[in-house]
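Trainee: Take a look at this one; I'll ask things after.
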Amino acid sequence: MKSNSTAWYKNGWVWLIIALPALTVVAGIATVVITSLNQPEMVVDDYYKKGKAINQELTLYQAYTDSGIELEVRLEEQRFELKSSEKLSGIKVNLVHSTQGKRDLNFVMTPNGVGTYTKSLETALTGKWTVFVEPMDGSWKVQQKLAFPNASWTKLVAE
């Protein structure tokens, strides 16, 4: 009778049996780390207040439709432009990214010499965005989902 006197750590089957549970533990830890670093954002903190404000916003959207104002937007490279059928002293713009709240932008635009509103942006916008536009007095509001970049003029319509 011949005895096998090789050490256990020299046997490949032993390492295979050890490696499978070890890889599972490493994958589990990696999953926990990835999910904790990329938490989904809370869309609305106070659902009750947001629900009460919906009717007020619907009234503002209807006021835009009734006003007869026509707005057009475009985004060329890093320049956001807006045209209005009526002269407004200033416009508040809110660009909301569809999935990444950290990328949302809020700014005020005033007309330039030719009557358009322009804003230079620090970074190029890509992907799906919701554009909210309202005058400084807050008498109406319009929103529309757009894909950027968009070099052609797009008319904003009340949704």
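As shown in the structure tokens, the chain order sets the letters A, B, ...; within each chain, residues go from 1, and ligands are also counted from 1 in the order they appear.
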Each residue of region 100-158 of chain A with at least one atom at most 6 Å from region 82-96 of chain A should appear once, together with its nearest atom pair and the corresponding distance in Å (one decimal); atoms considered: only C-alpha atoms; ordering: chain, then increasing residue number; output as a tab-separated table.

Mentor:
residue	atom	partner	partner_atom	distance
A:Asp104	CA	A:Val96	CA	4.7
A:Leu105	CA	A:Leu95	CA	5.0
A:Asn106	CA	A:Asn94	CA	4.5
A:Phe107	CA	A:Val93	CA	5.5
A:Val108	CA	A:Lys92	CA	4.5
A:Met109	CA	A:Ile91	CA	5.2
A:Thr110	CA	A:Gly90	CA	4.6
A:Thr116	CA	A:Lys83	CA	4.9
A:Tyr117	CA	A:Leu82	CA	5.0
A:Trp129	CA	A:Val96	CA	5.5
A:Thr130	CA	A:Val96	CA	5.1
A:Val131	CA	A:Leu95	CA	4.8
A:Phe132	CA	A:Asn94	CA	5.0
A:Val133	CA	A:Val93	CA	4.7
A:Glu134	CA	A:Lys92	CA	5.3
A:Pro135	CA	A:Ile91	CA	4.6
A:Met136	CA	A:Ile91	CA	5.6

Trainee: Residues at most 12 Å from Thr59 (chain A), counting only C-alpha atoms, excluding those fewer than 3 positions away in the same chain, as a list in words?

Mentor: Ala53, Ile54, Asn55, Gln56, Gln62, Ala63, Tyr64, Thr65, Asp66, Gly138, Ser139, Trp140, Lys141, Val142 and Ala158 of chain A

Trainee: Give the strand (DSSP E or B) residues of chain A, as assigned by DSSP on the backbone, as a tab-separated table (two decimals) with N, CA and C atoms, in the first residue's frame.

Mentor:
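File written: selection24.tsv
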chain	number	residue	atom	x	y	z
A	71	LEU	N	-42.62	79.73	-26.65
A	71	LEU	CA	-41.21	79.63	-26.27
A	71	LEU	C	-40.55	78.53	-27.08
A	72	GLU	N	-39.30	78.77	-27.47
A	72	GLU	CA	-38.50	77.77	-28.16
A	72	GLU	C	-37.14	77.70	-27.48
A	73	VAL	N	-36.60	76.50	-27.37
A	73	VAL	CA	-35.29	76.31	-26.74
A	73	VAL	C	-34.38	75.49	-27.64
A	74	ARG	N	-33.10	75.66	-27.43
A	74	ARG	CA	-32.10	74.80	-28.05
A	74	ARG	C	-30.84	74.82	-27.20
A	75	LEU	N	-30.03	73.81	-27.38
A	75	LEU	CA	-28.76	73.70	-26.65
A	75	LEU	C	-27.68	73.36	-27.65
A	76	GLU	N	-26.81	74.32	-27.89
A	76	GLU	CA	-25.68	74.09	-28.78
A	76	GLU	C	-24.42	74.09	-27.93
A	79	ARG	N	-24.13	76.15	-24.67
A	79	ARG	CA	-24.91	77.39	-24.65
A	79	ARG	C	-26.40	77.05	-24.75
A	80	PHE	N	-27.14	77.38	-23.70
A	80	PHE	CA	-28.59	77.18	-23.66
A	80	PHE	C	-29.25	78.46	-24.15
A	81	GLU	N	-30.14	78.34	-25.14
A	81	GLU	CA	-30.80	79.50	-25.72
A	81	GLU	C	-32.31	79.33	-25.66
A	82	LEU	N	-33.00	80.47	-25.52
A	82	LEU	CA	-34.46	80.47	-25.45
A	82	LEU	C	-34.98	81.68	-26.22
A	83	LYS	N	-36.01	81.46	-27.02
A	83	LYS	CA	-36.68	82.54	-27.75
A	83	LYS	C	-38.11	82.64	-27.24
A	84	SER	N	-38.61	83.87	-27.11
A	84	SER	CA	-39.97	84.10	-26.65
A	84	SER	C	-40.71	84.99	-27.65
A	91	ILE	N	-36.47	85.36	-17.15
A	91	ILE	CA	-37.08	84.03	-17.15
A	91	ILE	C	-36.28	83.14	-16.20
A	92	LYS	N	-37.00	82.41	-15.37
A	92	LYS	CA	-36.37	81.40	-14.50
A	92	LYS	C	-36.42	80.06	-15.22
A	93	VAL	N	-35.27	79.40	-15.29
A	93	VAL	CA	-35.17	78.10	-15.95
A	93	VAL	C	-34.66	77.08	-14.95
A	94	ASN	N	-35.29	75.93	-14.96
A	94	ASN	CA	-34.89	74.82	-14.11
A	94	ASN	C	-34.71	73.61	-15.01
A	95	LEU	N	-33.49	73.09	-15.10
A	95	LEU	CA	-33.21	71.90	-15.89
A	95	LEU	C	-33.05	70.73	-14.93
A	96	VAL	N	-33.93	69.75	-15.04
A	96	VAL	CA	-33.94	68.62	-14.12
A	96	VAL	C	-33.54	67.36	-14.89
A	97	HIS	N	-32.45	66.73	-14.45
A	97	HIS	CA	-32.01	65.49	-15.08
A	97	HIS	C	-32.95	64.37	-14.68
A	105	LEU	N	-29.96	71.95	-12.72
A	105	LEU	CA	-29.50	73.33	-12.84
A	105	LEU	C	-30.67	74.30	-12.68
A	106	ASN	N	-30.44	75.41	-11.99
A	106	ASN	CA	-31.41	76.50	-11.85
A	106	ASN	C	-30.69	77.78	-12.20
A	107	PHE	N	-31.29	78.59	-13.06
A	107	PHE	CA	-30.69	79.88	-13.38
A	107	PHE	C	-31.75	80.84	-13.90
A	108	VAL	N	-31.39	82.12	-13.93
A	108	VAL	CA	-32.25	83.19	-14.44
A	108	VAL	C	-31.61	83.71	-15.71
A	109	MET	N	-32.46	83.96	-16.72
A	109	MET	CA	-31.97	84.46	-18.01
A	109	MET	C	-32.64	85.80	-18.30
A	111	PRO	N	-32.97	88.94	-21.48
A	111	PRO	CA	-32.82	89.03	-22.94
A	111	PRO	C	-31.55	89.77	-23.33
A	117	TYR	N	-32.70	84.81	-25.12
A	117	TYR	CA	-32.15	84.59	-23.79
A	117	TYR	C	-31.06	83.53	-23.93
A	118	THR	N	-29.86	83.81	-23.44
A	118	THR	CA	-28.77	82.84	-23.55
A	118	THR	C	-28.10	82.64	-22.20
A	119	LYS	N	-27.60	81.45	-22.02
A	119	LYS	CA	-26.87	81.10	-20.79
A	119	LYS	C	-25.76	80.14	-21.17
A	120	SER	N	-24.53	80.50	-20.80
A	120	SER	CA	-23.40	79.60	-21.00
A	120	SER	C	-23.33	78.63	-19.82
A	127	GLY	N	-28.34	63.62	-22.60
A	127	GLY	CA	-29.35	62.73	-22.04
A	127	GLY	C	-30.71	63.40	-21.95
A	128	LYS	N	-31.61	62.74	-21.20
A	128	LYS	CA	-32.98	63.24	-21.05
A	128	LYS	C	-33.07	64.23	-19.89
A	129	TRP	N	-33.69	65.38	-20.16
A	129	TRP	CA	-33.86	66.44	-19.18
A	129	TRP	C	-35.30	66.93	-19.23
A	130	THR	N	-35.80	67.42	-18.12
A	130	THR	CA	-37.08	68.11	-18.09
A	130	THR	C	-36.77	69.59	-17.92
A	131	VAL	N	-37.29	70.40	-18.84
A	131	VAL	CA	-37.06	71.84	-18.82
A	131	VAL	C	-38.30	72.52	-18.24
A	132	PHE	N	-38.11	73.28	-17.17
A	132	PHE	CA	-39.17	74.09	-16.56
A	132	PHE	C	-38.83	75.55	-16.83
A	133	VAL	N	-39.79	76.31	-17.35
A	133	VAL	CA	-39.58	77.73	-17.63
A	133	VAL	C	-40.75	78.50	-17.03
A	134	GLU	N	-40.43	79.60	-16.35
A	134	GLU	CA	-41.47	80.48	-15.81
A	134	GLU	C	-40.95	81.90	-15.77
A	135	PRO	N	-41.85	82.90	-15.86
A	135	PRO	CA	-41.41	84.29	-15.78
A	135	PRO	C	-41.04	84.64	-14.35
A	142	VAL	N	-44.24	76.39	-17.73
A	142	VAL	CA	-44.30	75.36	-18.76
A	142	VAL	C	-43.17	74.37	-18.51
A	143	GLN	N	-43.44	73.11	-18.83
A	143	GLN	CA	-42.41	72.08	-18.70
A	143	GLN	C	-42.46	71.18	-19.91
A	144	GLN	N	-41.31	70.64	-20.26
A	144	GLN	CA	-41.24	69.68	-21.36
A	144	GLN	C	-40.00	68.82	-21.20
A	145	LYS	N	-40.13	67.56	-21.56
A	145	LYS	CA	-38.99	66.65	-21.54
A	145	LYS	C	-38.27	66.75	-22.89
A	146	LEU	N	-36.95	66.93	-22.82
A	146	LEU	CA	-36.14	67.05	-24.03
A	146	LEU	C	-34.88	66.21	-23.91
A	147	ALA	N	-34.35	65.82	-25.05
A	147	ALA	CA	-33.07	65.12	-25.09
A	147	ALA	C	-32.01	66.11	-25.56
A	148	PHE	N	-30.94	66.23	-24.81
A	148	PHE	CA	-29.85	67.13	-25.16
A	148	PHE	C	-28.64	66.33	-25.58
A	150	ASN	N	-29.30	69.45	-28.43
A	150	ASN	CA	-30.34	69.68	-29.41
A	150	ASN	C	-30.04	71.01	-30.10
A	151	ALA	N	-29.48	70.96	-31.29
A	151	ALA	CA	-29.06	72.17	-31.98
A	151	ALA	C	-30.21	72.87	-32.69
A	152	SER	N	-31.33	72.19	-32.89
A	152	SER	CA	-32.46	72.83	-33.57
A	152	SER	C	-33.44	73.38	-32.53
A	153	TRP	N	-34.18	74.40	-32.91
A	153	TRP	CA	-35.13	75.03	-32.01
A	153	TRP	C	-36.30	74.08	-31.77
A	154	THR	N	-36.68	73.91	-30.50
A	154	THR	CA	-37.81	73.07	-30.12
A	154	THR	C	-38.82	73.93	-29.38
A	155	LYS	N	-40.07	73.88	-29.85
A	155	LYS	CA	-41.13	74.66	-29.24
A	155	LYS	C	-41.57	73.99	-27.95
A	156	LEU	N	-41.70	74.78	-26.88
A	156	LEU	CA	-42.19	74.26	-25.62
A	156	LEU	C	-43.70	74.31	-25.62

Trainee: One decimal, in Å: what's the spacing between CA of Pro149 (chain A) and CA of Arg103 (chain A)?

Mentor: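 Computing the Euclidean distance for CA of Pro149 (chain A) and CA of Arg103 (chain A) yields 14.9 Å.
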
Trainee: One number please: CA of Ser67 (chain A) to CA of Val114 (chain A), in Å, one decimal.

Mentor: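 Computing the Euclidean distance for CA of Ser67 (chain A) and CA of Val114 (chain A) yields 22.5 Å.
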